[in-house]
$ cat target18.txt   # compact mmCIF, C-alpha atoms and all ligand atoms
# COMPACT_ATOMS: atom_id res chain seq x y z
CA MET A 1 20.48 -31.96 -5.70
CA VAL A 2 21.80 -32.63 -9.22
CA HIS A 3 22.28 -29.40 -11.12
CA SER A 4 21.09 -28.89 -14.69
CA MET A 5 22.76 -26.16 -16.65
CA THR A 6 20.95 -23.72 -18.93
CA ASN A 7 22.31 -22.67 -22.33
CA ASP A 8 22.72 -19.09 -21.04
CA CYS A 9 24.91 -20.37 -18.31
CA LYS A 10 27.04 -22.41 -20.73
CA ASP A 11 27.41 -19.35 -23.00
CA LEU A 12 28.61 -17.27 -20.08
CA GLN A 13 31.05 -19.95 -19.01
CA GLU A 14 32.47 -20.20 -22.54
CA LYS A 15 32.90 -16.42 -22.76
CA ILE A 16 34.65 -16.39 -19.39
CA LEU A 17 36.98 -19.24 -20.34
CA LYS A 18 37.94 -17.52 -23.59
CA LEU A 19 38.59 -14.12 -21.99
CA LYS A 20 40.35 -15.72 -19.04
CA LYS A 21 42.94 -17.13 -21.45
CA GLU A 22 43.35 -13.83 -23.31
CA ARG A 23 43.76 -11.88 -20.07
CA LYS A 24 46.00 -14.54 -18.47
CA ALA A 25 43.66 -14.56 -15.49
CA LEU A 26 43.70 -17.11 -12.68
CA ILE A 27 40.31 -17.81 -11.11
CA LEU A 28 40.37 -18.98 -7.50
CA ALA A 29 37.07 -20.04 -5.93
CA HIS A 30 36.02 -21.03 -2.45
CA ASN A 31 34.14 -24.31 -1.94
CA TYR A 32 30.94 -22.34 -1.20
CA GLN A 33 30.71 -20.74 -4.62
CA ILE A 34 27.87 -21.68 -6.95
CA ILE A 35 28.78 -24.80 -8.89
CA GLU A 36 28.80 -22.86 -12.21
CA ILE A 37 31.67 -20.71 -10.89
CA GLN A 38 33.48 -23.72 -9.42
CA GLU A 39 33.38 -25.34 -12.88
CA ILE A 40 35.28 -22.51 -14.59
CA ALA A 41 37.74 -21.87 -11.74
CA ASP A 42 41.39 -22.91 -12.00
CA PHE A 43 41.37 -23.96 -8.38
CA VAL A 44 38.61 -24.57 -5.84
CA GLY A 45 39.40 -25.05 -2.17
CA ASP A 46 39.08 -24.10 1.49
CA SER A 47 40.58 -20.96 3.01
CA LEU A 48 43.88 -22.63 3.85
CA GLN A 49 44.35 -24.12 0.39
CA LEU A 50 43.40 -20.84 -1.26
CA ALA A 51 45.91 -18.94 0.89
CA ARG A 52 48.57 -21.47 -0.13
CA LYS A 53 47.64 -21.28 -3.81
CA SER A 54 47.70 -17.47 -3.68
CA ALA A 55 51.29 -17.58 -2.51
CA GLU A 56 52.36 -19.68 -5.50
CA VAL A 57 50.89 -17.77 -8.43
CA HIS A 58 53.20 -17.64 -11.44
CA GLY A 59 52.63 -16.64 -15.05
CA TYR A 60 49.27 -14.88 -14.56
CA GLU A 61 48.48 -11.22 -15.06
CA MET A 62 45.46 -11.04 -12.80
CA ILE A 63 43.65 -13.08 -10.16
CA ILE A 64 39.88 -13.19 -9.84
CA PHE A 65 38.95 -14.36 -6.38
CA ALA A 66 35.45 -15.72 -5.87
CA GLY A 67 35.09 -15.83 -2.10
CA VAL A 68 34.39 -13.41 0.70
CA LYS A 69 36.52 -10.29 0.81
CA PHE A 70 38.92 -11.28 3.60
CA MET A 71 39.95 -14.29 1.47
CA ALA A 72 40.62 -12.05 -1.54
CA GLU A 73 42.63 -9.78 0.76
CA MET A 74 44.85 -12.74 1.65
CA ALA A 75 45.47 -13.33 -2.04
CA ALA A 76 46.27 -9.62 -2.56
CA ILE A 77 48.81 -9.77 0.26
CA LEU A 78 50.40 -13.07 -0.74
CA SER A 79 50.51 -12.25 -4.44
CA PRO A 80 51.45 -8.57 -4.49
CA ASP A 81 52.66 -8.50 -8.11
CA VAL A 82 49.29 -9.10 -9.77
CA PRO A 83 45.99 -7.29 -9.24
CA VAL A 84 43.36 -9.30 -7.38
CA TYR A 85 39.76 -8.69 -8.44
CA ILE A 86 36.61 -9.74 -6.61
CA PRO A 87 33.43 -10.21 -8.71
CA ASP A 88 31.26 -8.49 -6.05
CA PRO A 89 33.12 -6.20 -3.64
CA ASN A 90 30.18 -6.40 -1.19
CA ALA A 91 30.80 -10.07 -0.40
CA LEU A 92 31.70 -9.52 3.26
CA CYS A 93 31.71 -12.23 5.94
CA PRO A 94 29.52 -11.12 8.90
CA LEU A 95 31.53 -13.27 11.32
CA ALA A 96 34.46 -10.89 10.74
CA SER A 97 32.51 -7.97 12.21
CA TYR A 98 32.54 -9.43 15.76
CA ILE A 99 36.06 -8.21 16.48
CA ASP A 100 38.03 -5.15 15.59
CA ALA A 101 41.52 -3.89 16.43
CA GLU A 102 40.38 -2.08 19.60
CA LYS A 103 38.70 -5.21 21.04
CA ILE A 104 41.93 -7.13 20.49
CA ARG A 105 44.02 -4.38 22.09
CA GLN A 106 41.69 -4.47 25.09
CA LYS A 107 42.21 -8.25 25.51
CA LYS A 108 45.95 -7.78 25.17
CA ARG A 109 45.82 -5.23 28.01
CA GLU A 110 43.83 -7.73 30.11
CA TYR A 111 46.23 -10.60 29.34
CA PRO A 112 49.65 -9.04 28.77
CA GLY A 113 52.13 -11.24 26.94
CA VAL A 114 49.51 -13.81 25.83
CA PRO A 115 49.73 -14.39 22.06
CA VAL A 116 46.74 -13.51 19.89
CA VAL A 117 45.55 -16.01 17.26
CA VAL A 118 42.84 -14.73 14.94
CA TYR A 119 40.71 -16.77 12.61
CA VAL A 120 41.26 -15.74 9.04
CA ASN A 121 37.61 -14.56 8.94
CA THR A 122 38.60 -11.11 10.23
CA THR A 123 39.21 -7.68 8.75
CA ALA A 124 42.71 -6.55 7.79
CA GLU A 125 42.57 -4.01 10.63
CA ALA A 126 41.90 -6.79 13.19
CA LYS A 127 44.63 -8.99 11.70
CA SER A 128 47.10 -6.15 12.14
CA GLU A 129 46.80 -6.65 15.94
CA ALA A 130 47.25 -10.43 15.81
CA ASP A 131 50.41 -12.45 16.37
CA TYR A 132 49.15 -15.48 14.45
CA ILE A 133 46.45 -16.35 11.94
CA CYS A 134 44.64 -19.64 11.44
CA THR A 135 41.93 -21.14 9.27
CA SER A 136 39.49 -23.87 10.29
CA GLY A 137 41.92 -26.34 8.70
CA SER A 138 44.93 -25.12 10.70
CA ALA A 139 43.54 -23.75 14.00
CA VAL A 140 44.58 -26.64 16.25
CA GLU A 141 48.00 -26.96 14.63
CA VAL A 142 48.69 -23.23 14.83
CA VAL A 143 47.73 -23.08 18.54
CA GLU A 144 49.71 -26.24 19.34
CA SER A 145 52.76 -25.00 17.44
CA LEU A 146 53.17 -22.02 19.77
CA GLY A 147 54.27 -24.00 22.83
CA VAL A 148 52.37 -21.69 25.21
CA ASP A 149 49.83 -22.32 28.02
CA ARG A 150 47.17 -19.94 26.75
CA VAL A 151 46.17 -17.89 23.74
CA ILE A 152 43.71 -15.10 23.00
CA PHE A 153 41.46 -16.31 20.19
CA GLY A 154 38.61 -15.03 18.00
CA PRO A 155 36.20 -14.24 16.55
CA ASP A 156 34.43 -17.62 16.21
CA ALA A 157 33.38 -19.02 19.59
CA ASN A 158 32.47 -22.44 18.13
CA LEU A 159 35.86 -22.82 16.46
CA ALA A 160 37.39 -21.75 19.79
CA GLU A 161 35.46 -24.58 21.45
CA TYR A 162 36.71 -27.02 18.80
CA VAL A 163 40.32 -25.97 19.49
CA ARG A 164 39.70 -26.28 23.25
CA SER A 165 38.53 -29.85 22.78
CA HIS A 166 41.72 -30.74 20.84
CA THR A 167 44.41 -29.13 22.97
CA ASN A 168 45.41 -28.43 26.56
CA VAL A 169 46.13 -24.81 25.73
CA GLU A 170 43.71 -22.41 27.45
CA ILE A 171 41.68 -20.51 24.86
CA ILE A 172 40.56 -17.00 25.84
CA ASP A 173 37.70 -15.76 23.65
CA ILE A 174 37.94 -12.22 22.30
CA ASP A 175 34.14 -12.14 21.95
CA GLN A 176 32.05 -15.11 23.04
CA ARG A 177 29.21 -13.99 20.80
CA GLY A 178 31.23 -14.46 17.60
CA HIS A 179 29.56 -17.00 15.31
CA CYS A 180 28.70 -17.75 11.68
CA TYR A 181 24.96 -17.38 11.06
CA VAL A 182 25.06 -20.16 8.42
CA HIS A 183 26.69 -22.79 10.64
CA ASN A 184 24.50 -21.80 13.58
CA MET A 185 21.49 -22.98 11.53
CA PHE A 186 22.39 -26.62 12.24
CA ASP A 187 21.00 -28.04 15.44
CA LEU A 188 21.47 -31.30 17.23
CA ASN A 189 17.95 -32.59 16.48
CA MET A 190 18.56 -32.35 12.75
CA LEU A 191 21.60 -34.56 13.13
CA ILE A 192 19.88 -37.06 15.44
CA GLU A 193 16.96 -37.45 13.01
CA LEU A 194 19.25 -37.93 10.01
CA LYS A 195 21.42 -40.42 11.89
CA GLU A 196 18.29 -42.46 12.69
CA LYS A 197 17.25 -42.39 9.06
CA TYR A 198 20.72 -43.18 7.68
CA PRO A 199 22.46 -45.27 10.35
CA ASP A 200 25.45 -46.08 8.10
CA ALA A 201 26.12 -42.48 7.18
CA VAL A 202 29.30 -40.67 8.19
CA ALA A 203 28.35 -37.28 9.65
CA ILE A 204 30.88 -34.47 9.15
CA ALA A 205 30.47 -31.04 10.72
CA HIS A 206 32.40 -27.82 10.19
CA PRO A 207 34.09 -26.48 13.35
CA GLU A 208 31.98 -23.31 13.04
CA CYS A 209 28.95 -25.47 14.02
CA LEU A 210 27.59 -25.43 17.57
CA ILE A 211 29.65 -27.61 19.88
CA GLU A 212 26.80 -30.09 20.49
CA VAL A 213 26.59 -30.67 16.72
CA GLN A 214 30.37 -31.13 16.54
CA GLU A 215 30.25 -33.62 19.40
CA ALA A 216 27.51 -35.68 17.80
CA ALA A 217 29.22 -35.75 14.40
CA ASP A 218 31.63 -38.54 13.42
CA LEU A 219 34.20 -36.09 12.10
CA VAL A 220 34.79 -32.34 12.36
CA GLY A 221 36.85 -30.39 9.87
CA SER A 222 37.31 -27.69 7.27
CA THR A 223 35.56 -27.81 3.92
CA GLY A 224 38.82 -29.09 2.42
CA MET A 225 38.90 -31.94 4.92
CA MET A 226 35.30 -32.81 3.96
CA VAL A 227 36.31 -32.98 0.28
CA ARG A 228 39.20 -35.28 1.07
CA THR A 229 37.17 -37.49 3.38
CA VAL A 230 34.35 -38.06 0.90
CA ALA A 231 36.89 -38.77 -1.86
CA GLU A 232 38.97 -41.20 0.16
CA SER A 233 36.45 -42.94 2.40
CA ASP A 234 34.80 -46.25 1.51
CA ALA A 235 31.55 -45.03 3.07
CA LYS A 236 28.69 -44.45 0.65
CA VAL A 237 26.50 -42.04 2.61
CA PHE A 238 27.57 -38.74 4.19
CA ILE A 239 25.64 -36.23 6.26
CA ILE A 240 27.31 -32.86 5.85
CA ALA A 241 26.92 -29.82 8.09
CA THR A 242 28.26 -26.91 6.11
CA GLU A 243 27.24 -24.45 3.39
CA MET A 244 25.34 -25.85 0.40
CA GLY A 245 27.96 -24.89 -2.22
CA LEU A 246 30.23 -27.62 -0.93
CA LEU A 247 27.44 -30.18 -1.05
CA HIS A 248 26.73 -29.45 -4.71
CA GLN A 249 30.41 -29.97 -5.45
CA LEU A 250 30.59 -33.25 -3.51
CA GLN A 251 27.50 -34.65 -5.21
CA LYS A 252 28.78 -33.69 -8.65
CA HIS A 253 32.20 -35.27 -8.13
CA HIS A 254 30.85 -38.37 -6.38
CA PRO A 255 27.66 -39.41 -8.15
CA ASP A 256 28.04 -42.90 -6.66
CA LYS A 257 27.81 -41.55 -3.10
CA LYS A 258 24.82 -40.11 -1.30
CA ILE A 259 25.50 -36.63 0.05
CA ILE A 260 22.89 -35.50 2.54
CA PRO A 261 22.77 -31.87 3.64
CA MET A 262 22.10 -31.49 7.34
CA TYR A 263 19.96 -28.49 6.38
CA GLU A 264 19.27 -27.31 2.83
CA GLY A 265 18.68 -23.73 3.97
CA ALA A 266 22.35 -23.36 4.95
CA VAL A 267 23.29 -20.88 2.26
CA CYS A 268 25.85 -18.11 2.76
CA ARG A 269 24.27 -15.06 1.12
CA GLN A 270 27.61 -13.26 1.03
CA MET A 271 29.42 -16.05 -0.84
CA LYS A 272 26.51 -16.23 -3.27
CA LYS A 273 26.85 -12.57 -4.27
CA HIS A 274 29.26 -13.67 -6.97
CA THR A 275 27.70 -14.66 -10.28
CA LEU A 276 28.97 -15.62 -13.73
CA GLU A 277 27.74 -12.25 -15.03
CA LYS A 278 29.79 -10.32 -12.46
CA LEU A 279 32.83 -12.47 -13.16
CA LEU A 280 32.52 -11.81 -16.88
CA ASP A 281 32.16 -8.10 -16.22
CA VAL A 282 35.48 -8.12 -14.35
CA LEU A 283 37.20 -9.81 -17.28
CA GLU A 284 35.63 -7.51 -19.86
CA ASN A 285 35.95 -4.16 -18.09
CA LEU A 286 38.63 -4.57 -15.40
CA PRO A 287 36.67 -2.26 -13.06
CA SER A 288 39.03 -0.54 -10.61
CA GLU A 289 36.40 -0.68 -7.84
CA ASN A 290 36.66 -4.50 -7.94
CA ILE A 291 40.39 -4.51 -7.22
CA VAL A 292 41.08 -5.72 -3.67
CA THR A 293 43.75 -3.87 -1.73
CA VAL A 294 44.99 -3.92 1.84
CA PRO A 295 46.18 -0.65 3.38
CA ASP A 296 49.99 -0.34 3.33
CA GLN A 297 50.15 0.06 7.10
CA TYR A 298 48.68 -3.47 7.60
CA ALA A 299 50.01 -5.46 4.64
CA PRO A 300 53.61 -6.27 5.76
CA HIS A 301 52.51 -7.53 9.20
CA ILE A 302 49.67 -9.61 7.75
CA ARG A 303 51.98 -11.06 5.08
CA GLY A 304 54.35 -12.16 7.84
CA ILE A 305 51.69 -13.92 9.89
CA LEU A 306 50.08 -15.50 6.81
CA GLU A 307 53.42 -16.86 5.67
CA ARG A 308 53.95 -18.24 9.16
CA MET A 309 50.55 -19.99 9.00
CA ASN A 310 51.29 -21.43 5.58
CA LYS A 311 54.30 -23.22 7.10
CA VAL A 312 52.17 -25.02 9.72
CA LYS A 313 50.99 -28.41 8.50
CA GLY A 314 47.20 -28.03 8.98
CA GLN A 315 44.50 -30.51 7.93
CA GLY A 316 44.40 -29.16 4.36
CA PRO A 317 43.52 -32.01 2.05
CA ALA A 318 46.01 -34.02 0.10
CA VAL A 319 43.36 -34.35 -2.61
CA ALA A 320 42.44 -30.92 -3.95
CA ILE A 321 39.68 -30.56 -6.50
CA GLU A 322 41.04 -28.95 -9.62
CA ALA A 323 38.22 -27.42 -11.61
CA GLU A 324 37.44 -28.71 -15.08
CA SER A 325 38.14 -26.13 -17.75
P1 LIG B 1 36.94 -23.31 5.27
O1 LIG B 1 38.27 -22.73 5.52
O2 LIG B 1 36.69 -24.59 6.00
O3 LIG B 1 36.69 -23.43 3.83
O4 LIG B 1 35.84 -22.33 5.88
C1 LIG B 1 35.66 -21.03 5.47
C2 LIG B 1 34.40 -20.48 5.93
O5 LIG B 1 34.09 -19.34 5.69
C3 LIG B 1 33.52 -21.34 6.68
O6 LIG B 1 32.32 -20.72 6.89
FE1 LIG B 2 31.35 -16.08 6.80
FE2 LIG B 2 29.75 -18.06 7.59
FE3 LIG B 2 29.68 -17.23 5.06
FE4 LIG B 2 31.79 -18.61 6.00
S1 LIG B 2 29.69 -19.35 5.73
S2 LIG B 2 31.85 -16.78 4.76
S3 LIG B 2 31.89 -17.79 8.09
S4 LIG B 2 29.11 -16.06 6.89
$ encode --input "target18.txt" --output "structure tokens"
Amino acid sequence: MVHSMTNDCKDLQEKILKLKKERKALILAHNYQIIEIQEIADFVGDSLQLARKSAEVHGYEMIIFAGVKFMAEMAAILSPDVPVYIPDPNALCPLASYIDAEKIRQKKREYPGVPVVVYVNTTAEAKSEADYICTSGSAVEVVESLGVDRVIFGPDANLAEYVRSHTNVEIIDIDQRGHCYVHNMFDLNMLIELKEKYPDAVAIAHPECLIEVQEAADLVGSTGMMVRTVAESDAKVFIIATEMGLLHQLQKHHPDKKIIPMYEGAVCRQMKKHTLEKLLDVLENLPSENIVTVPDQYAPHIRGILERMNKVKGQGPAVAIEAES
């Protein structure tokens, strides 16, 4: 899994780093980005960390956000004074399409007065109907912080199951079919076989995985929690059930540890739409179609609920990986 870099790739990275300085651009990248983008980013993290970073941007004239669009939208909302660009505007998370504003309104009619918590992997329109927002790294804490008996939750049914197993609050699914196609690729047999082969390994699964995979894993958490765990643990072997971009990062930063993917085919095609070429194009041409905006009618409400989430503790890692530049 060790990555070798071509000269073309190095050239592109150098051009990006030079222009990034000239343009005073901040590059934020999600843990699932290709390693070549992670290497030139100013900050790499999970959704919660990226939301928090976006709220603290000072001294930059533009942000380039390498992640799926809803993440870039968070940055646009939390950092309204600088334009946020996305290298490929078609990087959309399919999980987000399971719920829309009308589905949420329908649940609210069914359960009047019950607060709505949406996973950050939702459209701006869906968020506009929510009372609270969470990421995988803050879901349990957000739900627990409300002091209520039940919440309406969506769109990810596996994350909902994870929250259920960590709280007494009743979780009402907005759509039980909601899932991430990448994390649904992992099945229990894969984990059982790997555990037999590597009995000393620590298995960590993302809460978007099927519940039987979560239950068989040693730990469950966000990509940021996985980064922290591998960095801080004395264990030498880890079985990881999440998207491959994170695994490349872990192996690069921890050459002394063995990082085993639960399944090498777990690649998020939407996250991988971003390339160094597209990133360079943004810096060179500032294309207006790559600027991420959130309609004015949704932005103030979403800003409010994002700021509320950023105040909840969450499992966001103490050890964030700052990219080399
Ligand atoms: P994290 O917040 O754990 O990085 O997860 C984001 C995501 O899209 C998982 O598929
Ligand atoms: Fe969406 Fe799944 Fe890709 Fe995460 S890994 S961005 S949830 S499709």
$ residues_near_ligand --input "target18.txt" --ligand "ligand LIG 2 (chain B)" --cutoff "6 Å" --atoms "only C-alpha atoms and all ligand atoms" --output "PDB file with C-alpha atoms, in the frame of the given file"
ATOM      1  CA  VAL A  68      34.390 -13.410   0.700  1.00  0.00           C
ATOM      2  CA  CYS A  93      31.710 -12.230   5.940  1.00  0.00           C
ATOM      3  CA  PRO A  94      29.520 -11.120   8.900  1.00  0.00           C
ATOM      4  CA  LEU A  95      31.530 -13.270  11.320  1.00  0.00           C
ATOM      5  CA  CYS A 180      28.700 -17.750  11.680  1.00  0.00           C
ATOM      6  CA  TYR A 181      24.960 -17.380  11.060  1.00  0.00           C
ATOM      7  CA  VAL A 182      25.060 -20.160   8.420  1.00  0.00           C
ATOM      8  CA  CYS A 268      25.850 -18.110   2.760  1.00  0.00           C
TER       9      CYS A 268
END
$ residues_around --input "target18.txt" --residues "Ile86 of chain A" --least-positions-apart "2" --cutoff "7 Å" --atoms "all atoms listed in the file" --output "list in words"
Ile64, Phe65, Ala66, Ala72, Val84, Asp88, Pro89, Asn290, Ile291 and Val292 of chain A
$ closest_residue --input "target18.txt" --among "A:Tyr85, A:Tyr198, A:Phe153, A:Tyr32" --to "ligand LIG 1 (chain B)" --atoms "only C-alpha atoms and all ligand atoms"
A:Tyr32
$ residues_around --input "target18.txt" --residues "Val57 of chain A" --least-positions-apart "5" --cutoff "10 Å" --atoms "all atoms listed in the file" --output "compact mmCIF listing (two decimals) with C-alpha atoms, keeping the file's coordinate frame"
# COMPACT_ATOMS: atom_id res chain seq x y z
CA LEU A 26 43.70 -17.11 -12.68
CA ARG A 52 48.57 -21.47 -0.13
CA MET A 62 45.46 -11.04 -12.80
CA ILE A 63 43.65 -13.08 -10.16
CA ALA A 75 45.47 -13.33 -2.04
CA LEU A 78 50.40 -13.07 -0.74
CA SER A 79 50.51 -12.25 -4.44
CA ASP A 81 52.66 -8.50 -8.11
CA VAL A 82 49.29 -9.10 -9.77
$ residues_near_ligand --input "target18.txt" --ligand "ligand LIG 1 (chain B)" --cutoff "6 Å" --atoms "all atoms listed in the file" --output "count of residues only"
7
$ closest_residue --input "target18.txt" --among "A:Gln33, A:Glu129, A:Ser233, A:Asp11" --to "Pro87 of chain A" --atoms "all atoms listed in the file"
A:Gln33
$ closest_residue --input "target18.txt" --among "A:Ala41, A:Ala160, A:Ile35, A:Gln49" --to "Met244 of chain A" --atoms "all atoms listed in the file"
A:Ile35
$ closest_residue --input "target18.txt" --among "A:Gln38, A:Ser54, A:Ser145, A:Asn158" --to "Asp173 of chain A" --atoms "all atoms listed in the file"
A:Asn158
$ closest_residue --input "target18.txt" --among "A:Gly265, A:His274, A:Ile77, A:Ile305" --to "Tyr119 of chain A" --atoms "all atoms listed in the file"
A:Ile305
$ residues_near_point --input "target18.txt" --point "(38.8, -19.9, 13.7)" --cutoff "12 Å" --atoms "all atoms listed in the file" --output "PyMOL selection string"
chain A and resi 47-48+95-96+116-122+132-143+152-164+171+173-174+178-180+206-209+221-222
$ decode --input "target18.txt" --residues "segment 138-150 of chain A" --atoms "N, CA, C and O atoms" --output "short mmCIF file (atom, residue, chain, number, x, y, z; two decimals), in the first residue's frame"
data_model
loop_
_atom_site.label_atom_id
_atom_site.label_comp_id
_atom_site.auth_asym_id
_atom_site.auth_seq_id
_atom_site.Cartn_x
_atom_site.Cartn_y
_atom_site.Cartn_z
N SER A 138 -19.56 13.25 16.46
CA SER A 138 -20.27 14.00 17.51
C SER A 138 -21.70 13.51 17.72
O SER A 138 -22.41 14.06 18.54
N ALA A 139 -22.12 12.47 16.96
CA ALA A 139 -23.54 12.06 16.97
C ALA A 139 -24.04 11.71 18.37
O ALA A 139 -25.08 12.22 18.80
N VAL A 140 -23.30 10.87 19.09
CA VAL A 140 -23.77 10.44 20.42
C VAL A 140 -23.82 11.66 21.35
O VAL A 140 -24.81 11.88 22.05
N GLU A 141 -22.79 12.46 21.31
CA GLU A 141 -22.72 13.63 22.21
C GLU A 141 -23.82 14.62 21.90
O GLU A 141 -24.41 15.20 22.82
N VAL A 142 -24.10 14.85 20.62
CA VAL A 142 -25.17 15.79 20.26
C VAL A 142 -26.51 15.26 20.79
O VAL A 142 -27.24 15.98 21.47
N VAL A 143 -26.81 13.98 20.53
CA VAL A 143 -28.09 13.41 20.97
C VAL A 143 -28.20 13.46 22.50
O VAL A 143 -29.21 13.87 23.05
N GLU A 144 -27.12 13.08 23.17
CA GLU A 144 -27.13 13.07 24.64
C GLU A 144 -27.29 14.47 25.21
O GLU A 144 -27.89 14.65 26.26
N SER A 145 -26.73 15.46 24.52
CA SER A 145 -26.73 16.82 25.06
C SER A 145 -28.14 17.43 25.08
O SER A 145 -28.37 18.45 25.73
N LEU A 146 -29.09 16.81 24.37
CA LEU A 146 -30.41 17.43 24.25
C LEU A 146 -31.30 17.22 25.47
O LEU A 146 -32.25 17.97 25.66
N GLY A 147 -31.02 16.19 26.25
CA GLY A 147 -31.82 15.93 27.44
C GLY A 147 -33.26 15.56 27.10
O GLY A 147 -34.18 15.95 27.82
N VAL A 148 -33.47 14.86 25.99
CA VAL A 148 -34.84 14.46 25.59
C VAL A 148 -34.93 12.92 25.55
O VAL A 148 -33.91 12.23 25.59
N ASP A 149 -36.18 12.41 25.46
CA ASP A 149 -36.38 10.95 25.45
C ASP A 149 -36.23 10.36 24.06
O ASP A 149 -35.94 9.19 23.89
N ARG A 150 -36.54 11.17 23.04
CA ARG A 150 -36.42 10.64 21.68
C ARG A 150 -36.07 11.73 20.68
O ARG A 150 -36.37 12.90 20.90
#
